[in-house]
$ cat input00.pdb   # PDB, C-alpha atoms
ATOM      1  CA  MET E   1      34.270  45.155   8.320
ATOM      2  CA  LYS E   2      32.472  41.993   7.329
ATOM      3  CA  ALA E   3      33.399  39.800   4.372
ATOM      4  CA  ARG E   4      30.707  37.620   2.828
ATOM      5  CA  ILE E   5      32.325  34.887   0.761
ATOM      6  CA  ARG E   6      30.656  32.496  -1.673
ATOM      7  CA  ILE E   7      32.504  29.416  -2.823
ATOM      8  CA  THR E   8      31.074  27.501  -5.768
ATOM      9  CA  LEU E   9      32.198  24.597  -7.900
ATOM     10  CA  LYS E  10      33.650  25.555 -11.257
ATOM     11  CA  ASN E  11      31.628  24.918 -14.358
ATOM     12  CA  GLY E  12      32.218  21.421 -15.622
ATOM     13  CA  VAL E  13      33.128  20.009 -12.196
ATOM     14  CA  LEU E  14      30.685  17.281 -11.265
ATOM     15  CA  ASP E  15      28.612  18.022  -8.199
ATOM     16  CA  PRO E  16      27.240  14.744  -6.830
ATOM     17  CA  GLN E  17      25.794  16.523  -3.789
ATOM     18  CA  GLY E  18      23.951  18.956  -6.059
ATOM     19  CA  LYS E  19      22.594  15.990  -8.018
ATOM     20  CA  ALA E  20      21.392  14.338  -4.805
ATOM     21  CA  ILE E  21      19.647  17.563  -3.763
ATOM     22  CA  GLN E  22      18.038  17.774  -7.201
ATOM     23  CA  ASN E  23      16.756  14.206  -6.862
ATOM     24  CA  ALA E  24      15.412  14.916  -3.371
ATOM     25  CA  LEU E  25      13.588  18.028  -4.618
ATOM     26  CA  GLY E  26      12.078  15.912  -7.395
ATOM     27  CA  SER E  27      10.883  13.293  -4.930
ATOM     28  CA  LEU E  28       9.282  16.043  -2.824
ATOM     29  CA  GLY E  29       7.223  16.983  -5.860
ATOM     30  CA  PHE E  30       9.111  20.080  -7.002
ATOM     31  CA  ALA E  31       8.903  19.681 -10.747
ATOM     32  CA  GLY E  32      10.985  21.647 -13.206
ATOM     33  CA  VAL E  33      14.280  21.710 -11.296
ATOM     34  CA  SER E  34      16.715  21.369 -14.173
ATOM     35  CA  ASP E  35      19.974  21.578 -12.199
ATOM     36  CA  VAL E  36      21.290  22.101  -8.667
ATOM     37  CA  ARG E  37      24.787  23.276  -7.746
ATOM     38  CA  GLN E  38      25.691  23.617  -4.087
ATOM     39  CA  GLY E  39      28.529  25.517  -2.451
ATOM     40  CA  LYS E  40      29.708  27.223   0.729
ATOM     41  CA  TYR E  41      28.978  30.585   2.300
ATOM     42  CA  ILE E  42      31.429  32.031   4.821
ATOM     43  CA  GLU E  43      31.223  35.257   6.856
ATOM     44  CA  ILE E  44      34.367  36.757   8.333
ATOM     45  CA  ASP E  45      34.585  39.746  10.665
ATOM     46  CA  LEU E  46      37.706  41.745   9.976
ATOM     47  CA  ALA E  47      39.506  44.283  12.142
ATOM     48  CA  ALA E  48      40.711  46.107   9.025
ATOM     49  CA  THR E  49      39.063  49.441   8.223
ATOM     50  CA  ASP E  50      40.775  50.096   4.906
ATOM     51  CA  GLU E  51      38.717  48.521   2.150
ATOM     52  CA  ALA E  52      41.539  47.946  -0.335
ATOM     53  CA  ALA E  53      43.669  46.247   2.316
ATOM     54  CA  ALA E  54      40.721  44.127   3.458
ATOM     55  CA  ARG E  55      39.979  43.124  -0.128
ATOM     56  CA  ALA E  56      43.570  42.007  -0.692
ATOM     57  CA  GLU E  57      43.587  40.081   2.566
ATOM     58  CA  VAL E  58      40.302  38.264   1.940
ATOM     59  CA  ASP E  59      41.445  37.401  -1.558
ATOM     60  CA  ARG E  60      44.566  35.808  -0.107
ATOM     61  CA  MET E  61      42.463  33.918   2.494
ATOM     62  CA  CYS E  62      40.352  32.509  -0.314
ATOM     63  CA  ARG E  63      43.325  31.417  -2.395
ATOM     64  CA  GLU E  64      45.357  29.973   0.474
ATOM     65  CA  LEU E  65      42.671  28.185   2.468
ATOM     66  CA  LEU E  66      38.977  28.865   1.956
ATOM     67  CA  ALA E  67      38.702  27.734  -1.664
ATOM     68  CA  ASN E  68      40.582  25.090  -3.591
ATOM     69  CA  THR E  69      40.934  26.714  -6.987
ATOM     70  CA  VAL E  70      41.443  23.347  -8.671
ATOM     71  CA  ILE E  71      37.686  22.870  -8.513
ATOM     72  CA  GLU E  72      36.228  25.953  -6.858
ATOM     73  CA  ASP E  73      35.582  29.609  -7.725
ATOM     74  CA  TYR E  74      35.156  32.234  -5.058
ATOM     75  CA  ALA E  75      33.564  35.664  -4.875
ATOM     76  CA  PHE E  76      33.127  38.022  -1.946
ATOM     77  CA  GLU E  77      31.741  41.353  -0.919
ATOM     78  CA  LEU E  78      32.775  43.606   1.940
ATOM     79  CA  ALA E  79      30.281  45.396   4.150
ATOM     80  CA  LYS E  80      30.903  48.108   6.716
ATOM     81  CA  PRO E  81      29.225  47.346  10.064
TER      82      PRO E  81
ATOM     83  CA  MET T   1      65.784   3.045   7.964
ATOM     84  CA  LYS T   2      64.113   5.773  10.040
ATOM     85  CA  THR T   3      60.453   6.524   9.492
ATOM     86  CA  SER T   4      58.109   9.173  10.840
ATOM     87  CA  VAL T   5      54.331   9.076  11.001
ATOM     88  CA  ILE T   6      52.570  12.443  11.339
ATOM     89  CA  VAL T   7      49.507  12.591  13.592
ATOM     90  CA  PHE T   8      46.824  15.278  13.332
ATOM     91  CA  PRO T   9      43.718  15.586  15.515
ATOM     92  CA  GLY T  10      41.388  13.037  13.915
ATOM     93  CA  THR T  11      44.068  10.825  12.386
ATOM     94  CA  ASN T  12      43.180   7.185  13.081
ATOM     95  CA  ARG T  13      45.467   4.874  11.082
ATOM     96  CA  GLU T  14      48.792   5.897  12.551
ATOM     97  CA  ARG T  15      49.180   2.696  14.557
ATOM     98  CA  ASP T  16      48.287   0.510  11.606
ATOM     99  CA  VAL T  17      50.982   2.076   9.481
ATOM    100  CA  ALA T  18      53.502   2.263  12.351
ATOM    101  CA  ASP T  19      53.018  -1.487  12.919
ATOM    102  CA  VAL T  20      53.853  -2.312   9.329
ATOM    103  CA  LEU T  21      56.790   0.090   9.250
ATOM    104  CA  ALA T  22      58.240  -1.491  12.399
ATOM    105  CA  ALA T  23      57.778  -4.985  10.989
ATOM    106  CA  VAL T  24      59.333  -4.142   7.639
ATOM    107  CA  THR T  25      62.175  -1.827   8.716
ATOM    108  CA  GLY T  26      62.990  -3.481  12.046
ATOM    109  CA  SER T  27      62.848  -0.229  13.987
ATOM    110  CA  PRO T  28      59.877   1.589  15.472
ATOM    111  CA  ALA T  29      58.360   4.522  13.607
ATOM    112  CA  GLN T  30      58.653   7.963  15.172
ATOM    113  CA  ILE T  31      55.223   9.409  15.900
ATOM    114  CA  VAL T  32      55.184  13.156  15.249
ATOM    115  CA  TRP T  33      52.450  15.542  16.450
ATOM    116  CA  HIS T  34      51.020  18.097  14.025
ATOM    117  CA  GLY T  35      51.843  21.017  16.335
ATOM    118  CA  ASP T  36      55.578  20.287  16.237
ATOM    119  CA  SER T  37      57.633  22.430  13.927
ATOM    120  CA  GLU T  38      60.174  19.853  12.789
ATOM    121  CA  VAL T  39      60.097  16.228  11.639
ATOM    122  CA  PRO T  40      63.047  14.295  13.096
ATOM    123  CA  GLN T  41      65.572  12.961  10.611
ATOM    124  CA  SER T  42      63.700  10.401   8.505
ATOM    125  CA  ASP T  43      64.124   8.287   5.396
ATOM    126  CA  LEU T  44      60.351   8.232   4.976
ATOM    127  CA  ILE T  45      57.517  10.445   6.207
ATOM    128  CA  VAL T  46      53.999   8.999   6.252
ATOM    129  CA  LEU T  47      50.788  11.010   6.377
ATOM    130  CA  PRO T  48      48.335   8.346   7.534
ATOM    131  CA  GLY T  49      44.604   7.962   7.064
ATOM    132  CA  GLY T  50      41.836   9.339   9.206
ATOM    133  CA  PHE T  51      39.724  12.447   9.387
ATOM    134  CA  SER T  52      42.144  15.206  10.304
ATOM    135  CA  PHE T  53      40.341  18.208  11.810
ATOM    136  CA  GLY T  54      37.036  16.460  11.218
ATOM    137  CA  ASP T  55      37.316  17.000   7.452
ATOM    138  CA  TYR T  56      36.222  20.601   8.110
ATOM    139  CA  LEU T  57      36.105  22.936   5.089
ATOM    140  CA  ARG T  58      37.613  20.305   2.760
ATOM    141  CA  CYS T  59      39.301  16.995   3.544
ATOM    142  CA  GLY T  60      42.930  17.688   4.406
ATOM    143  CA  ALA T  61      42.641  21.470   4.067
ATOM    144  CA  MET T  62      43.265  22.258   7.735
ATOM    145  CA  ALA T  63      46.027  19.689   8.155
ATOM    146  CA  ALA T  64      47.806  21.041   5.073
ATOM    147  CA  HIS T  65      48.318  24.316   6.927
ATOM    148  CA  SER T  66      49.327  22.930  10.320
ATOM    149  CA  PRO T  67      52.810  23.805  11.661
ATOM    150  CA  ILE T  68      54.430  20.424  10.969
ATOM    151  CA  MET T  69      53.438  20.523   7.308
ATOM    152  CA  ARG T  70      55.788  23.421   6.577
ATOM    153  CA  ASP T  71      58.672  21.122   7.464
ATOM    154  CA  VAL T  72      57.120  18.124   5.676
ATOM    155  CA  VAL T  73      56.825  20.195   2.479
ATOM    156  CA  ALA T  74      60.389  21.476   2.869
ATOM    157  CA  LYS T  75      61.762  17.963   3.459
ATOM    158  CA  ALA T  76      59.724  16.571   0.558
ATOM    159  CA  LYS T  77      61.194  19.225  -1.717
ATOM    160  CA  ALA T  78      64.654  18.334  -0.395
ATOM    161  CA  GLY T  79      64.108  14.724  -1.479
ATOM    162  CA  VAL T  80      62.745  12.889   1.572
ATOM    163  CA  PRO T  81      60.131  10.323   0.429
ATOM    164  CA  VAL T  82      56.606  11.190   1.591
ATOM    165  CA  LEU T  83      53.731   8.715   1.472
ATOM    166  CA  GLY T  84      50.168   9.967   1.881
ATOM    167  CA  ILE T  85      47.504   7.331   2.447
ATOM    168  CA  CYS T  86      43.797   8.182   2.223
ATOM    169  CA  ASN T  87      43.492  11.406   4.278
ATOM    170  CA  GLY T  88      47.249  11.729   3.745
ATOM    171  CA  PHE T  89      46.678  11.784  -0.028
ATOM    172  CA  GLN T  90      44.060  14.495   0.465
ATOM    173  CA  ILE T  91      46.548  16.484   2.557
ATOM    174  CA  LEU T  92      49.285  16.129  -0.099
ATOM    175  CA  CYS T  93      46.883  17.509  -2.715
ATOM    176  CA  GLU T  94      45.914  20.408  -0.460
ATOM    177  CA  THR T  95      49.582  21.324   0.094
ATOM    178  CA  GLY T  96      50.166  21.292  -3.647
ATOM    179  CA  LEU T  97      52.854  18.591  -3.447
ATOM    180  CA  LEU T  98      50.573  16.529  -5.682
ATOM    181  CA  PRO T  99      48.156  17.977  -8.266
ATOM    182  CA  GLY T 100      44.380  17.659  -8.251
ATOM    183  CA  ILE T 101      41.930  17.083  -5.429
ATOM    184  CA  LEU T 102      39.869  14.264  -3.901
ATOM    185  CA  GLN T 103      36.168  14.996  -4.196
ATOM    186  CA  ARG T 104      33.153  13.366  -2.561
ATOM    187  CA  ASN T 105      32.632   9.806  -3.836
ATOM    188  CA  ALA T 106      30.355   9.783  -6.880
ATOM    189  CA  SER T 107      27.974   7.481  -4.978
ATOM    190  CA  LEU T 108      27.904   9.944  -2.040
ATOM    191  CA  LYS T 109      28.435   6.889   0.167
ATOM    192  CA  PHE T 110      31.330   6.091   2.458
ATOM    193  CA  ILE T 111      33.110   3.112   0.903
ATOM    194  CA  CYS T 112      34.673   0.436   3.099
ATOM    195  CA  LYS T 113      35.610  -2.627   1.088
ATOM    196  CA  ASP T 114      38.378  -4.534  -0.633
ATOM    197  CA  VAL T 115      39.535  -3.100  -3.934
ATOM    198  CA  TRP T 116      41.888  -4.323  -6.627
ATOM    199  CA  LEU T 117      44.601  -2.047  -7.953
ATOM    200  CA  LYS T 118      46.576  -2.336 -11.144
ATOM    201  CA  VAL T 119      50.204  -1.343 -10.632
ATOM    202  CA  GLU T 120      50.934   0.987 -13.542
ATOM    203  CA  ASN T 121      54.429   2.170 -12.632
ATOM    204  CA  THR T 122      57.045   0.009 -10.940
ATOM    205  CA  GLN T 123      59.778   2.678 -11.045
ATOM    206  CA  THR T 124      58.698   4.572  -7.913
ATOM    207  CA  GLN T 125      60.308   4.025  -4.518
ATOM    208  CA  TYR T 126      57.080   2.362  -3.401
ATOM    209  CA  THR T 127      56.433  -0.044  -6.242
ATOM    210  CA  ARG T 128      59.802  -1.608  -7.094
ATOM    211  CA  ARG T 129      58.773  -4.944  -5.593
ATOM    212  CA  TYR T 130      55.666  -5.159  -7.779
ATOM    213  CA  ASN T 131      55.523  -6.381 -11.354
ATOM    214  CA  GLN T 132      54.267  -4.102 -14.106
ATOM    215  CA  GLY T 133      50.515  -4.611 -14.427
ATOM    216  CA  GLU T 134      50.320  -6.687 -11.251
ATOM    217  CA  VAL T 135      46.942  -6.699  -9.499
ATOM    218  CA  ALA T 136      47.169  -5.881  -5.793
ATOM    219  CA  ARG T 137      44.300  -6.338  -3.380
ATOM    220  CA  MET T 138      43.981  -3.575  -0.784
ATOM    221  CA  ILE T 139      41.323  -1.992   1.393
ATOM    222  CA  CYS T 140      39.381   1.222   0.789
ATOM    223  CA  ALA T 141      37.803   3.264   3.584
ATOM    224  CA  HIS T 142      36.856   6.747   2.493
ATOM    225  CA  GLY T 143      34.060   9.157   1.703
ATOM    226  CA  ASP T 144      36.102  11.491  -0.463
ATOM    227  CA  GLY T 145      38.313   9.519  -2.815
ATOM    228  CA  ASN T 146      37.030  10.689  -6.158
ATOM    229  CA  TYR T 147      40.185  11.973  -7.824
ATOM    230  CA  PHE T 148      39.744  15.088  -9.932
ATOM    231  CA  ALA T 149      42.144  17.142 -12.004
ATOM    232  CA  ASP T 150      41.662  19.103 -15.201
ATOM    233  CA  PRO T 151      42.178  17.171 -18.474
ATOM    234  CA  SER T 152      45.582  18.679 -19.234
ATOM    235  CA  THR T 153      46.862  17.749 -15.769
ATOM    236  CA  LEU T 154      45.525  14.209 -16.220
ATOM    237  CA  ASP T 155      47.240  13.914 -19.608
ATOM    238  CA  ARG T 156      50.492  15.153 -18.110
ATOM    239  CA  LEU T 157      50.242  12.622 -15.244
ATOM    240  CA  GLU T 158      49.581   9.807 -17.696
ATOM    241  CA  GLY T 159      52.312  10.912 -20.100
ATOM    242  CA  ASP T 160      54.890  11.061 -17.319
ATOM    243  CA  GLY T 161      53.869   7.696 -15.872
ATOM    244  CA  ARG T 162      52.759   9.309 -12.647
ATOM    245  CA  VAL T 163      49.533   7.320 -12.383
ATOM    246  CA  VAL T 164      50.836   4.578 -10.103
ATOM    247  CA  PHE T 165      47.664   2.678  -9.175
ATOM    248  CA  ARG T 166      44.310   2.318 -10.930
ATOM    249  CA  TYR T 167      41.139   0.650  -9.671
ATOM    250  CA  CYS T 168      40.556  -2.564 -11.623
ATOM    251  CA  ASP T 169      38.643  -5.816 -11.330
ATOM    252  CA  PRO T 170      40.341  -8.892  -9.800
ATOM    253  CA  LYS T 171      41.619  -9.850 -13.255
ATOM    254  CA  GLY T 172      43.231  -6.474 -13.834
ATOM    255  CA  ASN T 173      40.656  -4.978 -16.196
ATOM    256  CA  VAL T 174      40.317  -1.243 -15.623
ATOM    257  CA  THR T 175      36.560  -0.807 -15.951
ATOM    258  CA  ALA T 176      33.919   1.695 -14.875
ATOM    259  CA  GLU T 177      32.378  -0.985 -12.617
ATOM    260  CA  ALA T 178      35.698  -1.460 -10.827
ATOM    261  CA  ASN T 179      36.059   2.278 -10.204
ATOM    262  CA  ALA T 180      35.395   2.435  -6.465
ATOM    263  CA  ASN T 181      34.543   6.121  -6.170
ATOM    264  CA  GLY T 182      34.156   7.712  -9.601
ATOM    265  CA  ALA T 183      37.805   8.827  -9.790
ATOM    266  CA  GLN T 184      38.835  10.188 -13.146
ATOM    267  CA  ARG T 185      40.517   7.530 -15.274
ATOM    268  CA  ASN T 186      40.172   5.074 -12.347
ATOM    269  CA  ILE T 187      43.064   6.790 -10.578
ATOM    270  CA  ALA T 188      43.751   5.372  -7.096
ATOM    271  CA  GLY T 189      47.270   6.719  -6.597
ATOM    272  CA  ILE T 190      49.666   9.206  -8.172
ATOM    273  CA  ALA T 191      53.300  10.177  -7.675
ATOM    274  CA  ASP T 192      55.345  13.337  -8.081
ATOM    275  CA  PRO T 193      57.803  13.461 -11.021
ATOM    276  CA  THR T 194      60.593  11.911  -8.912
ATOM    277  CA  GLY T 195      58.528   8.969  -7.656
ATOM    278  CA  ARG T 196      59.443   9.912  -4.083
ATOM    279  CA  ILE T 197      56.058  11.407  -3.164
ATOM    280  CA  LEU T 198      53.103   9.033  -3.454
ATOM    281  CA  GLY T 199      49.469   9.664  -2.639
ATOM    282  CA  MET T 200      46.923   6.859  -2.695
ATOM    283  CA  MET T 201      43.384   6.352  -1.401
ATOM    284  CA  PRO T 202      43.469   2.595  -0.556
ATOM    285  CA  HIS T 203      45.268   1.375   2.556
ATOM    286  CA  PRO T 204      48.356  -0.774   1.900
ATOM    287  CA  GLU T 205      48.987  -0.931   5.669
ATOM    288  CA  ASN T 206      45.678  -2.744   6.110
ATOM    289  CA  ALA T 207      46.666  -5.321   3.516
ATOM    290  CA  ALA T 208      49.979  -6.325   5.037
ATOM    291  CA  GLU T 209      49.263  -9.452   7.102
ATOM    292  CA  PRO T 210      47.612 -12.752   6.184
ATOM    293  CA  MET T 211      45.104 -12.232   9.007
ATOM    294  CA  LEU T 212      43.859  -9.111   7.228
ATOM    295  CA  GLY T 213      42.980 -11.049   4.090
ATOM    296  CA  SER T 214      45.721  -9.692   1.859
ATOM    297  CA  VAL T 215      49.467  -9.137   2.036
ATOM    298  CA  ASP T 216      49.641  -7.253  -1.250
ATOM    299  CA  GLY T 217      50.193  -3.927   0.497
ATOM    300  CA  ARG T 218      53.285  -5.068   2.352
ATOM    301  CA  LYS T 219      55.396  -4.965  -0.794
ATOM    302  CA  LEU T 220      54.818  -1.227  -0.999
ATOM    303  CA  PHE T 221      56.749  -0.792   2.250
ATOM    304  CA  GLU T 222      59.314  -3.453   1.354
ATOM    305  CA  SER T 223      59.972  -1.606  -1.909
ATOM    306  CA  LEU T 224      61.364   1.279   0.142
ATOM    307  CA  LEU T 225      64.117  -0.998   1.445
ATOM    308  CA  ALA T 226      65.010  -2.358  -1.972
ATOM    309  CA  ALA T 227      67.245   0.543  -2.980
TER     310      ALA T 227
END
$ encode --input "input00.pdb" --output "structure tokens"
Amino acid sequence: MKARIRITLKNGVLDPQGKAIQNALGSLGFAGVSDVRQGKYIEIDLAATDEAAARAEVDRMCRELLANTVIEDYAFELAKP
Amino acid sequence: MKTSVIVFPGTNRERDVADVLAAVTGSPAQIVWHGDSEVPQSDLIVLPGGFSFGDYLRCGAMAAHSPIMRDVVAKAKAGVPVLGICNGFQILCETGLLPGILQRNASLKFICKDVWLKVENTQTQYTRRYNQGEVARMICAHGDGNYFADPSTLDRLEGDGRVVFRYCDPKGNVTAEANANGAQRNIAGIADPTGRILGMMPHPENAAEPMLGSVDGRKLFESLLAA
């Protein structure tokens, strides 16, 4: 089973990297970019076959290591191979 | 006084801090590898600066989960003073021993320069030799020192006197211009409620000899002796 995890900054948390990307897009001539927020995407291959167990495990991975919930939100989906 | 300095892959200031500890305490610091499971008996544990695990995922995130940190957290909770400098501060936040997180500098640039810190709390184990409101000159060297916590956490830190150092100008004015990295409320260092755990971004160990341009950081280590 494969977990696809997205980690994004919480609303209200400043994202200086997103701002820099927004500025770079502007200087490349892309007009009308009103905001940019950047984050992380992580794929994990799991040995687990039971979806509920995999979901619980990935959730714990996110809370304990992959995301820092002080500033980040996480979301994930599971896909069978 | 026995001291231990924890070394992770990518740590680079362990000798700087061990030098100062040896000079101040009169006995050499014990260097402890991250893969060990136990910190030898110590009156102070230091998590030094550097780029542990290449700052992968988030600064300090990998180090916070390395084997030695289980014992560091346990000893910290049992009352052993723990000082986290720069990457060490990031690690302390990632373990949850201190609240908040260090984000990318607002400027997105790595900052390596002298900074001035206002000493806001002289009751901690690390600041007893300073005067209230004293301005200390230390050195910054970091890319992720922008302290962030939610407003209620910040209010709690302020209310409990846990903001120990703030970025200021050389005269002690806490201004936006003097804020090295965009940290909320100019926070450069915070303590736990007991004052035994301190995390700070600037390097007191690099401001501990006249040759380095400032000796203001040395008092932080001397404070530990002044029980």
$ resolve_selection --input "input00.pdb" --expression "the ChimeraX specification (/E :<12) & /T" --output "VMD selection string"
chain T and resid 56 to 66 90 93 to 96 98 to 109 144 146 to 151 153 181 to 184
$ resolve_selection --input "input00.pdb" --expression "the PyMOL selection byres ((chain E and resi 49-58) around 9)" --output "number ranges by chain"
E: 1, 3, 5, 44, 46-48, 59-63, 76-78, 80
$ resolve_selection --input "input00.pdb" --expression "the PyMOL selection byres ((chain T and resi 8-20) around 8)" --output "JSON list (two decimals) with C-alpha atoms, keeping the file's coordinate frame"
[["chain", "number", "residue", "atom", "x", "y", "z"],
["T", 5, "VAL", "CA", 54.33, 9.08, 11.00],
["T", 6, "ILE", "CA", 52.57, 12.44, 11.34],
["T", 7, "VAL", "CA", 49.51, 12.59, 13.59],
["T", 21, "LEU", "CA", 56.79, 0.09, 9.25],
["T", 22, "ALA", "CA", 58.24, -1.49, 12.40],
["T", 23, "ALA", "CA", 57.78, -4.99, 10.99],
["T", 24, "VAL", "CA", 59.33, -4.14, 7.64],
["T", 28, "PRO", "CA", 59.88, 1.59, 15.47],
["T", 29, "ALA", "CA", 58.36, 4.52, 13.61],
["T", 33, "TRP", "CA", 52.45, 15.54, 16.45],
["T", 34, "HIS", "CA", 51.02, 18.10, 14.02],
["T", 48, "PRO", "CA", 48.34, 8.35, 7.53],
["T", 49, "GLY", "CA", 44.60, 7.96, 7.06],
["T", 50, "GLY", "CA", 41.84, 9.34, 9.21],
["T", 51, "PHE", "CA", 39.72, 12.45, 9.39],
["T", 52, "SER", "CA", 42.14, 15.21, 10.30],
["T", 53, "PHE", "CA", 40.34, 18.21, 11.81],
["T", 54, "GLY", "CA", 37.04, 16.46, 11.22],
["T", 63, "ALA", "CA", 46.03, 19.69, 8.15],
["T", 205, "GLU", "CA", 48.99, -0.93, 5.67],
["T", 206, "ASN", "CA", 45.68, -2.74, 6.11],
["T", 208, "ALA", "CA", 49.98, -6.32, 5.04],
["T", 218, "ARG", "CA", 53.28, -5.07, 2.35],
["T", 221, "PHE", "CA", 56.75, -0.79, 2.25]]
$ axis_aligned_box --input "input00.pdb" --around "region 29-45 of chain E" --padding-each-side "6 Å" --output "lines of an AutoDock Vina configuration file"
center_x = 20.9
center_y = 28.4
center_z = -1.8
size_x = 39.4
size_y = 34.8
size_z = 36.8
$ residues_around --input "input00.pdb" --residues "Ile68 (chain T)" --least-positions-apart "6" --cutoff "8 Å" --atoms "all atoms listed in the file" --output "ChimeraX atom specification"
/T:33-39
$ atom_distance --input "input00.pdb" --atom1 "CA of Glu158 (chain T)" --atom2 "CA of Cys140 (chain T)"
22.8 Å
$ residues_around --input "input00.pdb" --residues "region 121-123 of chain T" --least-positions-apart "5" --cutoff "6 Å" --atoms "all atoms listed in the file" --output "JSON list (two decimals) with C-alpha atoms, in the frame of the given file"
[["chain", "number", "residue", "atom", "x", "y", "z"],
["T", 128, "ARG", "CA", 59.80, -1.61, -7.09],
["T", 132, "GLN", "CA", 54.27, -4.10, -14.11],
["T", 164, "VAL", "CA", 50.84, 4.58, -10.10]]
$ closest_residue --input "input00.pdb" --among "E:Glu43, E:Ile21, E:Pro81, E:Leu28" --to "Ile7 (chain E)" --atoms "all atoms listed in the file"
E:Glu43
$ residues_around --input "input00.pdb" --residues "Ser34 (chain E)" --least-positions-apart "2" --cutoff "12 Å" --atoms "all atoms listed in the file" --output "list of chain:residue names"
E:Gly18, E:Lys19, E:Ile21, E:Gln22, E:Asn23, E:Leu25, E:Gly26, E:Phe30, E:Ala31, E:Gly32, E:Val36, E:Arg37
$ atom_distance --input "input00.pdb" --atom1 "CA of Arg137 (chain T)" --atom2 "CA of Ile197 (chain T)"
21.3 Å
$ closest_residue --input "input00.pdb" --among "T:Lys2, T:Lys118, T:Arg70, T:Lys77" --to "Val174 (chain T)" --atoms "all atoms listed in the file"
T:Lys118
$ residues_around --input "input00.pdb" --residues "Ser214 (chain T)" --least-positions-apart "6" --cutoff "12 Å" --atoms "only C-alpha atoms" --output "short mmCIF file (atom, residue, chain, number, x, y, z; two decimals) with C-alpha atoms, in the coordinates of the input"
data_model
loop_
_atom_site.label_atom_id
_atom_site.label_comp_id
_atom_site.auth_asym_id
_atom_site.auth_seq_id
_atom_site.Cartn_x
_atom_site.Cartn_y
_atom_site.Cartn_z
CA ASP T 114 38.38 -4.53 -0.63
CA VAL T 115 39.53 -3.10 -3.93
CA TRP T 116 41.89 -4.32 -6.63
CA VAL T 135 46.94 -6.70 -9.50
CA ALA T 136 47.17 -5.88 -5.79
CA ARG T 137 44.30 -6.34 -3.38
CA MET T 138 43.98 -3.58 -0.78
CA ILE T 139 41.32 -1.99 1.39
CA HIS T 203 45.27 1.38 2.56
CA PRO T 204 48.36 -0.77 1.90
CA GLU T 205 48.99 -0.93 5.67
CA ASN T 206 45.68 -2.74 6.11
CA ALA T 207 46.67 -5.32 3.52
CA ALA T 208 49.98 -6.32 5.04
#
